[in-house]
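For reference, input_9.tsv is printed below; it contains TSV, C-alpha atoms and all ligand atoms.
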```tsv
chain	number	residue	atom	x	y	z
A	1	MET	CA	134.24	180.34	42.91
A	2	LYS	CA	131.13	181.52	41.13
A	3	TYR	CA	129.15	178.87	43.00
A	4	THR	CA	130.34	180.20	46.37
A	5	ILE	CA	129.29	183.74	45.52
A	6	LEU	CA	125.88	182.61	44.33
A	7	CYS	CA	125.39	180.71	47.59
A	8	ALA	CA	126.18	183.87	49.54
A	9	VAL	CA	123.62	185.81	47.51
A	10	ILE	CA	121.00	183.12	48.06
A	11	ALA	CA	121.72	183.06	51.80
A	12	THR	CA	121.15	186.81	51.95
A	13	LEU	CA	117.93	186.41	50.03
A	14	ALA	CA	116.64	183.62	52.26
A	15	GLY	CA	117.11	185.43	55.58
A	16	SER	CA	115.99	183.43	58.60
A	17	THR	CA	112.57	182.12	59.46
A	18	GLN	CA	110.88	182.68	62.78
A	19	ALA	CA	108.95	179.98	64.58
A	20	GLY	CA	107.39	179.77	67.98
A	21	PHE	CA	105.26	177.67	70.25
A	22	PHE	CA	102.93	179.36	72.72
A	23	SER	CA	100.32	178.49	75.28
A	24	GLU	CA	97.59	181.09	75.40
A	25	SER	CA	97.60	183.25	78.48
A	26	GLU	CA	94.36	184.52	80.02
A	27	ASN	CA	93.02	187.17	80.26
A	28	ASN	CA	93.17	187.69	76.49
A	29	ASN	CA	89.52	188.57	75.99
A	30	THR	CA	89.94	191.97	74.30
A	31	LEU	CA	92.23	193.41	71.60
A	32	ALA	CA	94.08	195.38	74.27
A	33	LEU	CA	94.80	192.16	76.20
A	34	ALA	CA	95.68	190.02	73.15
A	35	ASN	CA	98.56	187.51	73.43
A	36	ASP	CA	101.40	188.80	71.20
A	37	ILE	CA	102.79	186.01	68.99
A	38	GLY	CA	105.44	188.21	67.44
A	39	SER	CA	106.64	190.18	64.45
A	40	PHE	CA	107.33	188.48	61.13
A	41	ASP	CA	109.58	189.69	58.32
A	42	ALA	CA	111.07	188.05	55.20
A	43	PRO	CA	110.85	185.23	54.40
A	44	GLY	CA	108.11	184.63	56.95
A	45	GLY	CA	107.53	182.29	59.87
A	46	SER	CA	105.09	180.26	61.85
A	47	ALA	CA	103.58	179.93	65.30
A	48	VAL	CA	101.74	177.10	67.01
A	49	ILE	CA	99.41	177.87	69.91
A	50	ASP	CA	97.86	175.62	72.51
A	51	GLY	CA	94.64	177.01	73.95
A	52	VAL	CA	91.44	176.28	75.81
A	53	LEU	CA	88.12	177.85	74.94
A	54	ASP	CA	85.85	178.03	77.97
A	55	ILE	CA	82.16	178.91	78.04
A	56	ASN	CA	81.81	182.64	77.25
A	57	ASP	CA	85.56	182.82	76.51
A	58	VAL	CA	87.25	184.43	73.50
A	59	ASP	CA	91.00	184.27	72.84
A	60	TRP	CA	92.69	187.16	71.02
A	61	PHE	CA	96.17	186.92	69.47
A	62	MET	CA	98.22	189.75	67.97
A	63	PHE	CA	100.85	189.62	65.23
A	64	THR	CA	102.80	192.16	63.22
A	65	LEU	CA	103.90	191.89	59.60
A	66	THR	CA	106.82	194.09	58.60
A	67	ASP	CA	106.17	193.44	54.90
A	68	THR	CA	103.23	192.34	52.77
A	69	ALA	CA	102.64	188.68	53.58
A	70	SER	CA	100.28	185.82	52.93
A	71	LEU	CA	98.64	184.46	56.06
A	72	SER	CA	97.16	181.06	56.83
A	73	VAL	CA	95.55	180.16	60.15
A	74	PHE	CA	94.40	176.62	60.80
A	75	SER	CA	92.73	175.25	63.92
A	76	ALA	CA	92.56	171.65	65.04
A	77	PHE	CA	91.96	169.23	67.91
A	78	GLY	CA	88.73	170.90	68.99
A	79	ALA	CA	87.16	167.55	69.91
A	80	ASN	CA	83.40	167.89	69.41
A	81	GLY	CA	83.90	171.65	69.53
A	82	ASN	CA	82.54	174.29	67.18
A	83	GLY	CA	85.07	177.12	66.94
A	84	LEU	CA	85.13	180.24	64.78
A	85	MET	CA	87.66	182.97	64.06
A	86	GLN	CA	87.98	186.60	63.02
A	87	ILE	CA	90.92	188.56	61.61
A	88	VAL	CA	90.87	192.20	62.68
A	89	THR	CA	93.00	195.24	61.75
A	90	ALA	CA	94.89	197.34	64.28
A	91	GLY	CA	91.99	199.78	64.05
A	92	GLY	CA	89.48	197.12	65.09
A	93	ASP	CA	87.84	196.45	61.71
A	94	VAL	CA	86.89	192.84	60.94
A	95	ILE	CA	88.46	191.81	57.62
A	96	ALA	CA	87.84	188.04	57.70
A	97	PHE	CA	85.63	185.50	59.43
A	98	ASP	CA	85.38	181.73	59.27
A	99	ASP	CA	83.29	179.11	61.01
A	100	ASP	CA	83.80	175.63	59.56
A	101	SER	CA	86.53	175.62	56.87
A	102	GLY	CA	88.89	173.48	58.98
A	103	VAL	CA	88.60	169.98	60.37
A	104	GLY	CA	85.09	169.13	61.57
A	105	LEU	CA	83.44	172.31	62.80
A	106	MET	CA	86.74	174.12	63.31
A	107	PRO	CA	87.66	177.28	61.35
A	108	ALA	CA	90.55	178.07	58.98
A	109	ILE	CA	91.42	181.27	57.08
A	110	GLN	CA	93.93	182.20	54.42
A	111	ILE	CA	94.54	185.71	53.12
A	112	GLU	CA	96.93	186.54	50.30
A	113	ASN	CA	98.89	189.80	50.16
A	114	LEU	CA	98.00	191.13	53.59
A	115	ALA	CA	99.58	194.58	53.91
A	116	ALA	CA	102.29	195.25	56.49
A	117	GLY	CA	100.88	196.15	59.88
A	118	THR	CA	99.55	194.79	63.15
A	119	TYR	CA	96.57	192.45	63.15
A	120	TYR	CA	94.49	190.50	65.65
A	121	MET	CA	93.05	187.02	65.36
A	122	GLY	CA	90.12	186.13	67.60
A	123	PHE	CA	89.19	182.52	68.36
A	124	SER	CA	85.74	181.90	69.83
A	125	GLY	CA	82.78	179.51	69.76
A	126	PHE	CA	79.80	179.16	67.45
A	127	GLY	CA	77.11	181.69	68.35
A	128	ASP	CA	79.45	184.53	69.40
A	129	VAL	CA	79.69	186.40	66.05
A	130	ASP	CA	78.93	185.45	62.46
A	131	ALA	CA	79.92	186.27	58.88
A	132	SER	CA	77.94	189.52	58.98
A	133	SER	CA	80.71	190.93	61.20
A	134	VAL	CA	83.08	191.26	58.20
A	135	GLY	CA	83.39	194.91	57.27
A	136	SER	CA	82.15	196.03	60.68
A	137	ASP	CA	83.73	196.50	64.11
A	138	GLU	CA	81.64	193.77	65.74
A	139	LEU	CA	84.27	191.76	67.61
A	140	ALA	CA	84.00	188.33	69.18
A	141	ASP	CA	83.49	188.91	72.91
A	142	GLY	CA	82.86	185.33	74.06
A	143	LEU	CA	79.24	186.12	74.82
A	144	GLY	CA	76.71	184.03	72.94
A	145	HIS	CA	78.48	180.65	72.89
A	146	GLN	CA	78.53	177.65	75.20
A	147	GLU	CA	81.55	175.86	73.69
A	148	ASN	CA	84.20	174.35	75.96
A	149	PHE	CA	87.21	172.54	74.43
A	150	GLY	CA	90.98	172.56	74.00
A	151	TYR	CA	92.45	173.50	70.59
A	152	LYS	CA	95.64	174.09	68.62
A	153	LEU	CA	96.19	176.95	66.18
A	154	THR	CA	98.84	176.98	63.46
A	155	PHE	CA	99.78	180.34	61.95
A	156	GLY	CA	101.87	180.52	58.77
A	157	PHE	CA	103.28	183.74	57.30
A	158	SER	CA	104.94	183.95	53.86
A	159	VAL	CA	106.38	187.33	53.02
A	160	VAL	CA	105.73	188.42	49.45
A	161	PRO	CA	108.94	190.01	48.03
A	162	ALA	CA	108.49	193.62	46.98
A	163	PRO	CA	108.66	193.93	43.16
A	164	GLY	CA	111.93	195.89	43.23
A	165	SER	CA	113.83	193.94	45.88
A	166	MET	CA	114.30	190.69	43.95
A	167	ALA	CA	115.60	192.51	40.88
A	168	LEU	CA	118.01	194.58	42.97
A	169	LEU	CA	119.36	191.52	44.77
A	170	GLY	CA	119.75	189.73	41.44
A	171	LEU	CA	121.64	192.68	40.02
A	172	GLY	CA	123.87	192.73	43.10
A	173	GLY	CA	124.75	189.08	42.49
A	174	VAL	CA	125.70	189.75	38.88
A	175	VAL	CA	127.89	192.69	39.87
A	176	LEU	CA	129.65	190.54	42.49
A	177	ILE	CA	130.38	187.77	40.02
A	178	ARG	CA	131.69	190.19	37.39
A	179	ARG	CA	134.02	191.80	39.92
A	180	ARG	CA	135.45	188.42	40.93
A	181	ARG	CA	136.23	187.60	37.30
A	182	LYS	CA	138.59	190.58	36.83
B	1	CA	CA	91.08	180.69	76.48
B	2	CA	CA	90.23	184.20	76.68
B	3	CA	CA	82.69	176.33	63.54
B	4	CA	CA	79.12	187.84	71.09
```
Represent the supplied structure as structure tokens.
Amino acid sequence: MKYTILCAVIATLAGSTQAGFFSESENNNTLALANDIGSFDAPGGSAVIDGVLDINDVDWFMFTLTDTASLSVFSAFGANGNGLMQIVTAGGDVIAFDDDSGVGLMPAIQIENLAAGTYYMGFSGFGDVDASSVGSDELADGLGHQENFGYKLTFGFSVVPAPGSMALLGLGGVVLIRRRRK
């Protein structure tokens, strides 16, 4: 009996994950035209994107976090390509940039404890923008690179439980069990 109740509590805690597969859709060359990959709440989720970077192309993707979350973005399959990426706030400020942390010359970024909100991720080619864009509003615009390749992006979101919520849920479980014992 106790086991059943605990399972119910754990199921509540776990929620349901969100996952999606997308092909990028042009024109996505500005924040306003970004491809929306969705909203992510506890416990998190993932999205895989198939895209093509053409000469003078940039691909913007938008996502929303309903809670503080850790984000990882990984790019792959850019055969002989040299990609880069930016993470940008809803207000258009660049908070992260990467050039070559992934496979070959492809970028990857991870950010822990990203506050709830809407963000944009821009994927472009080497020569468009560089690391000096972090802390500024200099966005990848596709201009300045001659890259041309297909790629895959993998987004992972892990929601960080708020300090109070775990304790409250735990307390709820104890109260349930005690009531069943009467
Ligand atoms: Ca594209
Ligand atoms: Ca594009
Ligand atoms: Ca690169
Ligand atoms: Ca540029």
Check every protein, DNA and RNA residue against ligand CA 2 (chain B), keep those with an atom at most 9 Å away (counting all atoms listed in the file), and present them as an NGL selection string.
-> :A and (24-30 or 34 or 51-54 or 56-60 or 123-124 or 142)
Rank A:Gly156, A:Gly135, A:Gly38, A:Gly45 by their smallest atom-to-atom distance to Ala96 of chain A, using only C-alpha atoms, and report the top residue only.
-> A:Gly135
Just give me the gap between atom CA of Met106 of chain A and atom CA of Gln146 of chain A in Å, one decimal is fine.
->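 Here the two named atoms are 14.9 Å from each other.
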Residues within 6 Å of ligand CA 3 (chain B), counting only C-alpha atoms and all ligand atoms: report them as a short mmCIF file (atom, residue, chain, number, x, y, z; two decimals) with C-alpha atoms, keeping the file's coordinate frame.
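Here's the written file selection13.cif:
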```cif
data_model
loop_
_atom_site.label_atom_id
_atom_site.label_comp_id
_atom_site.auth_asym_id
_atom_site.auth_seq_id
_atom_site.Cartn_x
_atom_site.Cartn_y
_atom_site.Cartn_z
CA ASN A 82 82.54 174.29 67.18
CA GLY A 83 85.07 177.12 66.94
CA LEU A 84 85.13 180.24 64.78
CA ASP A 99 83.29 179.11 61.01
CA ASP A 100 83.80 175.63 59.56
CA LEU A 105 83.44 172.31 62.80
CA MET A 106 86.74 174.12 63.31
CA PRO A 107 87.66 177.28 61.35
CA PHE A 126 79.80 179.16 67.45
#
```
Which residues, written as a ChimeraX atom specification, have at least one atom at most 12 Å from Ala19 of chain A, with all atoms listed in the file counted and residues fewer than 2 positions away on the same chain left out?
-> /A:16-17,21-22,37-41,43-49,154-157
How far is it from atom CA of Leu114 of chain A to atom CA of Leu71 of chain A, in Å with one decimal?
->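 Computing it gives 7.1 Å between the two atoms.
Going from atom CA of Ala116 of chain A to atom CA of Phe97 of chain A covers 19.5 Å.
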Would you mind listing the residues within 6 Å of ligand CA 4 (chain B), counting only C-alpha atoms and all ligand atoms, as a count of residues only?
-> 7
Mind checking which residues fall within 12 Å of Gly104 of chain A, counting only C-alpha atoms, ignoring those fewer than 6 positions away in the same chain, and posting them as a compact mmCIF listing (two decimals) with C-alpha atoms, in the coordinates of the input?
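Generated output (part01.txt):
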```txt
# COMPACT_ATOMS: atom_id res chain seq x y z
CA PHE A 74 94.40 176.62 60.80
CA SER A 75 92.73 175.25 63.92
CA ALA A 76 92.56 171.65 65.04
CA PHE A 77 91.96 169.23 67.91
CA GLY A 78 88.73 170.90 68.99
CA ALA A 79 87.16 167.55 69.91
CA ASN A 80 83.40 167.89 69.41
CA GLY A 81 83.90 171.65 69.53
CA ASN A 82 82.54 174.29 67.18
CA GLY A 83 85.07 177.12 66.94
CA LEU A 84 85.13 180.24 64.78
```
